[in-house]
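What follows is the content of coords.pdb (PDB, C-alpha atoms, pLDDT in the B column).
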ATOM      1  CA  MET A   1      82.980 185.001 146.266  1.00 41.00           C
ATOM      2  CA  ALA A   2      79.601 186.611 145.569  1.00 47.00           C
ATOM      3  CA  ARG A   3      78.512 187.050 141.991  1.00 51.00           C
ATOM      4  CA  VAL A   4      77.985 190.638 140.869  1.00 48.00           C
ATOM      5  CA  ARG A   5      74.456 191.171 139.620  1.00 58.00           C
ATOM      6  CA  GLY A   6      73.538 193.914 137.228  1.00 65.00           C
ATOM      7  CA  ASP A   7      70.849 194.788 134.789  1.00 74.00           C
ATOM      8  CA  PRO A   8      70.558 191.856 132.331  1.00 83.00           C
ATOM      9  CA  ILE A   9      70.628 194.099 129.256  1.00 85.00           C
ATOM     10  CA  THR A  10      73.664 196.037 130.477  1.00 81.00           C
ATOM     11  CA  THR A  11      75.416 192.803 131.378  1.00 80.00           C
ATOM     12  CA  ALA A  12      74.619 191.213 128.021  1.00 85.00           C
ATOM     13  CA  LEU A  13      75.772 194.220 126.002  1.00 85.00           C
ATOM     14  CA  ALA A  14      78.938 194.551 128.086  1.00 81.00           C
ATOM     15  CA  HIS A  15      80.314 191.448 126.344  1.00 85.00           C
ATOM     16  CA  PRO A  16      82.304 192.629 123.291  1.00 85.00           C
ATOM     17  CA  THR A  17      80.987 189.949 120.912  1.00 90.00           C
ATOM     18  CA  ARG A  18      77.344 190.502 121.847  1.00 91.00           C
ATOM     19  CA  ARG A  19      77.778 194.270 121.732  1.00 89.00           C
ATOM     20  CA  ASN A  20      79.412 194.097 118.312  1.00 90.00           C
ATOM     21  CA  ALA A  21      76.689 191.780 116.964  1.00 94.00           C
ATOM     22  CA  TYR A  22      73.983 194.084 118.325  1.00 93.00           C
ATOM     23  CA  ILE A  23      75.639 197.161 116.801  1.00 90.00           C
ATOM     24  CA  GLN A  24      75.989 195.437 113.424  1.00 92.00           C
ATOM     25  CA  LEU A  25      72.321 194.456 113.455  1.00 94.00           C
ATOM     26  CA  SER A  26      71.269 197.940 114.584  1.00 91.00           C
ATOM     27  CA  GLN A  27      72.874 199.500 111.538  1.00 89.00           C
ATOM     28  CA  THR A  28      70.869 197.472 109.021  1.00 91.00           C
ATOM     29  CA  GLU A  29      67.346 196.153 108.574  1.00 93.00           C
ATOM     30  CA  GLU A  30      68.423 192.504 108.831  1.00 94.00           C
ATOM     31  CA  MET A  31      71.432 190.229 108.416  1.00 94.00           C
ATOM     32  CA  SER A  32      71.854 186.556 107.765  1.00 93.00           C
ATOM     33  CA  THR A  33      73.898 184.529 110.207  1.00 93.00           C
ATOM     34  CA  VAL A  34      76.695 184.264 107.623  1.00 93.00           C
ATOM     35  CA  GLN A  35      76.747 188.040 107.042  1.00 94.00           C
ATOM     36  CA  LEU A  36      76.748 188.690 110.788  1.00 95.00           C
ATOM     37  CA  GLN A  37      79.467 186.097 111.344  1.00 93.00           C
ATOM     38  CA  GLN A  38      81.703 187.848 108.804  1.00 94.00           C
ATOM     39  CA  ALA A  39      80.998 191.287 110.287  1.00 93.00           C
ATOM     40  CA  VAL A  40      81.658 190.202 113.877  1.00 92.00           C
ATOM     41  CA  ASP A  41      84.526 187.843 112.923  1.00 91.00           C
ATOM     42  CA  VAL A  42      83.692 184.909 115.208  1.00 92.00           C
ATOM     43  CA  ASP A  43      82.914 181.274 114.472  1.00 93.00           C
ATOM     44  CA  ARG A  44      79.281 180.385 113.911  1.00 90.00           C
ATOM     45  CA  TYR A  45      78.812 178.355 117.104  1.00 92.00           C
ATOM     46  CA  ASN A  46      80.189 181.199 119.211  1.00 93.00           C
ATOM     47  CA  LEU A  47      77.922 183.654 117.377  1.00 94.00           C
ATOM     48  CA  TYR A  48      74.837 181.489 117.952  1.00 94.00           C
ATOM     49  CA  HIS A  49      75.635 181.364 121.663  1.00 94.00           C
ATOM     50  CA  HIS A  50      75.657 185.175 121.844  1.00 94.00           C
ATOM     51  CA  LEU A  51      72.609 185.606 119.598  1.00 95.00           C
ATOM     52  CA  LYS A  52      70.687 183.218 121.837  1.00 95.00           C
ATOM     53  CA  LYS A  53      71.478 185.442 124.831  1.00 94.00           C
ATOM     54  CA  LEU A  54      70.421 188.599 122.977  1.00 95.00           C
ATOM     55  CA  ALA A  55      67.239 186.864 121.794  1.00 95.00           C
ATOM     56  CA  SER A  56      66.406 185.732 125.345  1.00 95.00           C
ATOM     57  CA  LEU A  57      66.363 189.435 126.332  1.00 93.00           C
ATOM     58  CA  ASN A  58      64.203 190.305 123.300  1.00 94.00           C
ATOM     59  CA  LEU A  59      66.931 192.532 121.872  1.00 94.00           C
ATOM     60  CA  VAL A  60      67.170 190.580 118.603  1.00 95.00           C
ATOM     61  CA  GLU A  61      65.123 187.934 116.877  1.00 95.00           C
ATOM     62  CA  ASN A  62      65.530 185.283 114.209  1.00 92.00           C
ATOM     63  CA  HIS A  63      62.562 186.511 112.190  1.00 86.00           C
ATOM     64  CA  ARG A  64      62.749 184.184 109.203  1.00 82.00           C
ATOM     65  CA  ASP A  65      64.480 181.110 107.890  1.00 80.00           C
ATOM     66  CA  GLU A  66      65.155 180.591 104.194  1.00 78.00           C
ATOM     67  CA  GLY A  67      66.580 177.179 103.543  1.00 81.00           C
ATOM     68  CA  ARG A  68      69.537 176.899 105.868  1.00 82.00           C
ATOM     69  CA  ALA A  69      69.905 180.677 106.298  1.00 85.00           C
ATOM     70  CA  ARG A  70      68.605 182.397 109.424  1.00 89.00           C
ATOM     71  CA  TRP A  71      67.861 186.108 109.248  1.00 93.00           C
ATOM     72  CA  TRP A  72      68.289 188.323 112.311  1.00 95.00           C
ATOM     73  CA  ARG A  73      67.044 191.789 113.179  1.00 94.00           C
ATOM     74  CA  VAL A  74      66.888 194.091 116.197  1.00 94.00           C
ATOM     75  CA  CYS A  75      63.509 194.041 117.928  1.00 93.00           C
ATOM     76  CA  ASP A  76      64.295 196.331 120.894  1.00 86.00           C
ATOM     77  CA  ARG A  77      66.522 199.354 120.368  1.00 86.00           C
ATOM     78  CA  VAL A  78      69.032 200.288 123.042  1.00 83.00           C
ATOM     79  CA  GLU A  79      70.939 203.511 122.463  1.00 76.00           C
ATOM     80  CA  LEU A  80      74.659 202.857 122.519  1.00 72.00           C
ATOM     81  CA  PRO A  81      77.379 205.496 122.036  1.00 64.00           C
ATOM     82  CA  GLU A  82      78.690 203.599 119.000  1.00 63.00           C
ATOM     83  CA  LEU A  83      75.294 203.898 117.320  1.00 64.00           C
ATOM     84  CA  LEU A  84      75.002 207.628 118.043  1.00 53.00           C
ATOM     85  CA  HIS A  85      78.405 208.311 116.486  1.00 50.00           C
ATOM     86  CA  ALA A  86      77.601 206.104 113.496  1.00 50.00           C
ATOM     87  CA  SER A  87      74.492 208.166 112.794  1.00 49.00           C
ATOM     88  CA  GLY A  88      76.578 211.331 112.585  1.00 47.00           C
ATOM     89  CA  GLN A  89      75.464 212.962 115.839  1.00 44.00           C
ATOM     90  CA  ARG A  90      78.276 215.022 117.288  1.00 41.00           C
ATOM     91  CA  GLY A  91      78.693 217.189 120.312  1.00 42.00           C
ATOM     92  CA  PRO A  92      80.838 220.131 121.320  1.00 40.00           C
ATOM     93  CA  SER A  93      84.593 220.083 120.898  1.00 38.00           C
ATOM     94  CA  ALA A  94      86.714 218.524 123.639  1.00 39.00           C
ATOM     95  CA  GLY A  95      88.054 220.633 126.467  1.00 38.00           C
ATOM     96  CA  THR A  96      85.146 223.080 126.770  1.00 41.00           C
ATOM     97  CA  ALA A  97      84.072 221.912 130.233  1.00 44.00           C
ATOM     98  CA  GLU A  98      85.659 220.967 133.524  1.00 49.00           C
ATOM     99  CA  MET A  99      84.814 218.152 135.896  1.00 51.00           C
ATOM    100  CA  ILE A 100      83.770 219.225 139.402  1.00 55.00           C
ATOM    101  CA  GLN A 101      84.406 216.831 142.253  1.00 55.00           C
ATOM    102  CA  GLY A 102      83.073 217.257 145.749  1.00 60.00           C
ATOM    103  CA  PRO A 103      80.521 219.752 147.097  1.00 60.00           C
ATOM    104  CA  VAL A 104      80.458 223.277 145.698  1.00 62.00           C
ATOM    105  CA  GLU A 105      79.177 226.040 147.981  1.00 69.00           C
ATOM    106  CA  ASP A 106      77.863 228.587 145.481  1.00 71.00           C
ATOM    107  CA  ARG A 107      75.810 226.070 143.509  1.00 74.00           C
ATOM    108  CA  GLU A 108      72.308 224.649 143.579  1.00 77.00           C
ATOM    109  CA  THR A 109      72.111 220.883 143.568  1.00 77.00           C
ATOM    110  CA  PHE A 110      69.567 218.757 141.753  1.00 77.00           C
ATOM    111  CA  ALA A 111      69.348 214.992 141.939  1.00 79.00           C
ATOM    112  CA  LEU A 112      67.724 212.839 139.280  1.00 81.00           C
ATOM    113  CA  LYS A 113      66.739 209.417 140.612  1.00 82.00           C
ATOM    114  CA  PHE A 114      66.443 206.447 138.251  1.00 79.00           C
ATOM    115  CA  HIS A 115      63.986 203.744 139.195  1.00 75.00           C
ATOM    116  CA  ASN A 116      64.132 201.289 136.306  1.00 73.00           C
ATOM    117  CA  SER A 117      66.861 199.585 134.337  1.00 73.00           C
ATOM    118  CA  HIS A 118      66.213 201.387 131.051  1.00 74.00           C
ATOM    119  CA  ASP A 119      66.625 204.783 132.739  1.00 78.00           C
ATOM    120  CA  GLN A 120      69.783 203.562 134.479  1.00 79.00           C
ATOM    121  CA  ILE A 121      71.266 202.289 131.220  1.00 79.00           C
ATOM    122  CA  ALA A 122      70.436 205.573 129.487  1.00 80.00           C
ATOM    123  CA  ALA A 123      72.035 207.537 132.347  1.00 83.00           C
ATOM    124  CA  LYS A 124      75.208 205.462 132.187  1.00 83.00           C
ATOM    125  CA  GLN A 125      75.402 205.936 128.411  1.00 82.00           C
ATOM    126  CA  PHE A 126      74.805 209.665 128.862  1.00 84.00           C
ATOM    127  CA  ILE A 127      77.681 209.896 131.359  1.00 85.00           C
ATOM    128  CA  GLU A 128      79.982 207.968 129.016  1.00 83.00           C
ATOM    129  CA  GLN A 129      78.990 210.156 126.058  1.00 83.00           C
ATOM    130  CA  LEU A 130      79.604 213.363 128.011  1.00 84.00           C
ATOM    131  CA  ALA A 131      82.999 212.080 129.096  1.00 83.00           C
ATOM    132  CA  GLU A 132      83.921 211.260 125.515  1.00 82.00           C
ATOM    133  CA  LEU A 133      82.597 214.530 124.078  1.00 83.00           C
ATOM    134  CA  TYR A 134      84.419 216.679 126.621  1.00 81.00           C
ATOM    135  CA  GLY A 135      87.586 214.600 126.798  1.00 83.00           C
ATOM    136  CA  PHE A 136      87.218 213.286 130.361  1.00 80.00           C
ATOM    137  CA  GLU A 137      88.758 210.031 131.468  1.00 82.00           C
ATOM    138  CA  VAL A 138      85.816 208.174 133.047  1.00 81.00           C
ATOM    139  CA  GLU A 139      86.284 204.441 133.356  1.00 80.00           C
ATOM    140  CA  LEU A 140      83.001 203.071 134.635  1.00 78.00           C
ATOM    141  CA  PRO A 141      82.988 199.340 135.366  1.00 76.00           C
ATOM    142  CA  TRP A 142      80.691 197.270 133.141  1.00 70.00           C
ATOM    143  CA  ASN A 143      78.409 196.601 136.123  1.00 73.00           C
ATOM    144  CA  PHE A 144      78.080 200.274 137.135  1.00 77.00           C
ATOM    145  CA  ILE A 145      74.358 201.040 137.423  1.00 78.00           C
ATOM    146  CA  PRO A 146      73.619 204.664 138.388  1.00 81.00           C
ATOM    147  CA  GLU A 147      70.726 205.150 140.765  1.00 82.00           C
ATOM    148  CA  GLU A 148      71.003 208.918 140.849  1.00 82.00           C
ATOM    149  CA  LEU A 149      72.596 211.705 138.838  1.00 81.00           C
ATOM    150  CA  VAL A 150      73.501 214.891 140.710  1.00 80.00           C
ATOM    151  CA  LEU A 151      73.547 218.181 138.812  1.00 79.00           C
ATOM    152  CA  TYR A 152      75.081 221.471 139.953  1.00 75.00           C
ATOM    153  CA  SER A 153      73.941 224.906 138.818  1.00 77.00           C
ATOM    154  CA  LYS A 154      75.108 228.388 139.735  1.00 75.00           C
ATOM    155  CA  LYS A 155      72.904 229.986 142.368  1.00 73.00           C
ATOM    156  CA  ARG A 156      70.846 232.842 141.007  1.00 68.00           C
TER     157      ARG A 156
END

For the structure just supplied, provide its representation as structure tokens.
Amino acid sequence: MARVRGDPITTALAHPTRRNAYIQLSQTEEMSTVQLQQAVDVDRYNLYHHLKKLASLNLVENHRDEGRARWWRVCDRVELPELLHASGQRGPSAGTAEMIQGPVEDRETFALKFHNSHDQIAAKQFIEQLAELYGFEVELPWNFIPEELVLYSKKR
């Protein structure tokens, strides 16, 4: 069986423990390992395993040690839907749009191509946010990496 390969950041943040730790750290300037352990509700050895992975991708860093306490902070910000909602950003009410599937004859088509992983991650998050805001059921697999986004517009 072949191993599925995806963007390392997307893959890392797809894990619930790593994602939760990253979100917790994103919402504050810094946290000690003990504070983060309590917020994420995992044992310390498990937490260190996940922090090591996030640190290897330069998403977080252990920026200072005081005695036995390690202090962590985010060093590369990735926009996640959970962080957008936590900051109070809201969109239109649900049910104000409809999903179009398949070609539409009276529309112009535009395709946005994504060439790097950060653009692909942002596009995936955008799709998930739109689905949530408008009440669509879109279940994208964790390893879904969009290469292109197709937009339709009414012909003028």

inquiry  = I need the output of the PyMOL selection byres ((chain A and resi 119) around 12) for this file as a ChimeraX atom specification; which residues are they?
reply    = /A:7,9-10,78-79,112-118,120-126,145-149

key: Output check: residues returned by the PyMOL selection byres ((chain A and resi 60-75) around 9), as a list of chain:residue names   =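 When the PyMOL selection byres ((chain A and resi 60-75) around 9) is applied, the selected residues are A:Tyr22, A:Leu25, A:Ser26, A:Thr28, A:Glu29, A:Glu30, A:Met31, A:Ser32, A:Thr33, A:Val34, A:Leu36, A:Leu51, A:Lys52, A:Leu54, A:Ala55, A:Ser56, A:Leu57, A:Asn58, A:Leu59, A:Asp76, A:Arg77.
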
inquiry  = Please compute the atom CA of Ala12 of chain A-atom CA of Lys53 of chain A distance, one decimal, in Å.
reply    = 7.3 Å

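Taking atom CA of Thr109 of chain A and atom CA of Tyr152 of chain A as the two end points, the separation is 4.7 Å.
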
task = Take atom CA of Asp106 of chain A and atom CA of Gln129 of chain A and report the distance between them in Å, one decimal.
result = 26.8 Å

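Applied to the file shown here, the PyMOL selection byres ((chain A and resi 108) around 7) selects the residues A:Arg107, A:Thr109, A:Phe110, A:Tyr152, A:Ser153, A:Lys154, A:Lys155.
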
inquiry  = Just checking: using all atoms listed in the file, which residue out of A:Glu137, A:Ala131, A:Trp142, A:Val40 ends up closest to His15 of chain A?
reply    =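 Closest to His15 of chain A of all the choices is A:Trp142.
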
Pick out the residues sitting within 9 Å of Ala39 of chain A, and hand them over as a compact mmCIF listing (two decimals) with C-alpha atoms, in the frame of the given file; count all atoms listed in the file, and ignore anything fewer than 5 positions along from it in its own chain.
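Below is the file that was written, result-v1.txt:
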# COMPACT_ATOMS: atom_id res chain seq x y z
CA ASN A 20 79.41 194.10 118.31
CA ALA A 21 76.69 191.78 116.96
CA GLN A 24 75.99 195.44 113.42
CA VAL A 34 76.69 184.26 107.62

All file atoms of segment 35-41 of chain A boxed axis-aligned, 5 Å per side, centre plus edges, as lines of an AutoDock Vina configuration file:
center_x = 80.6
center_y = 188.7
center_z = 110.5
size_x = 17.8
size_y = 15.2
size_z = 16.8
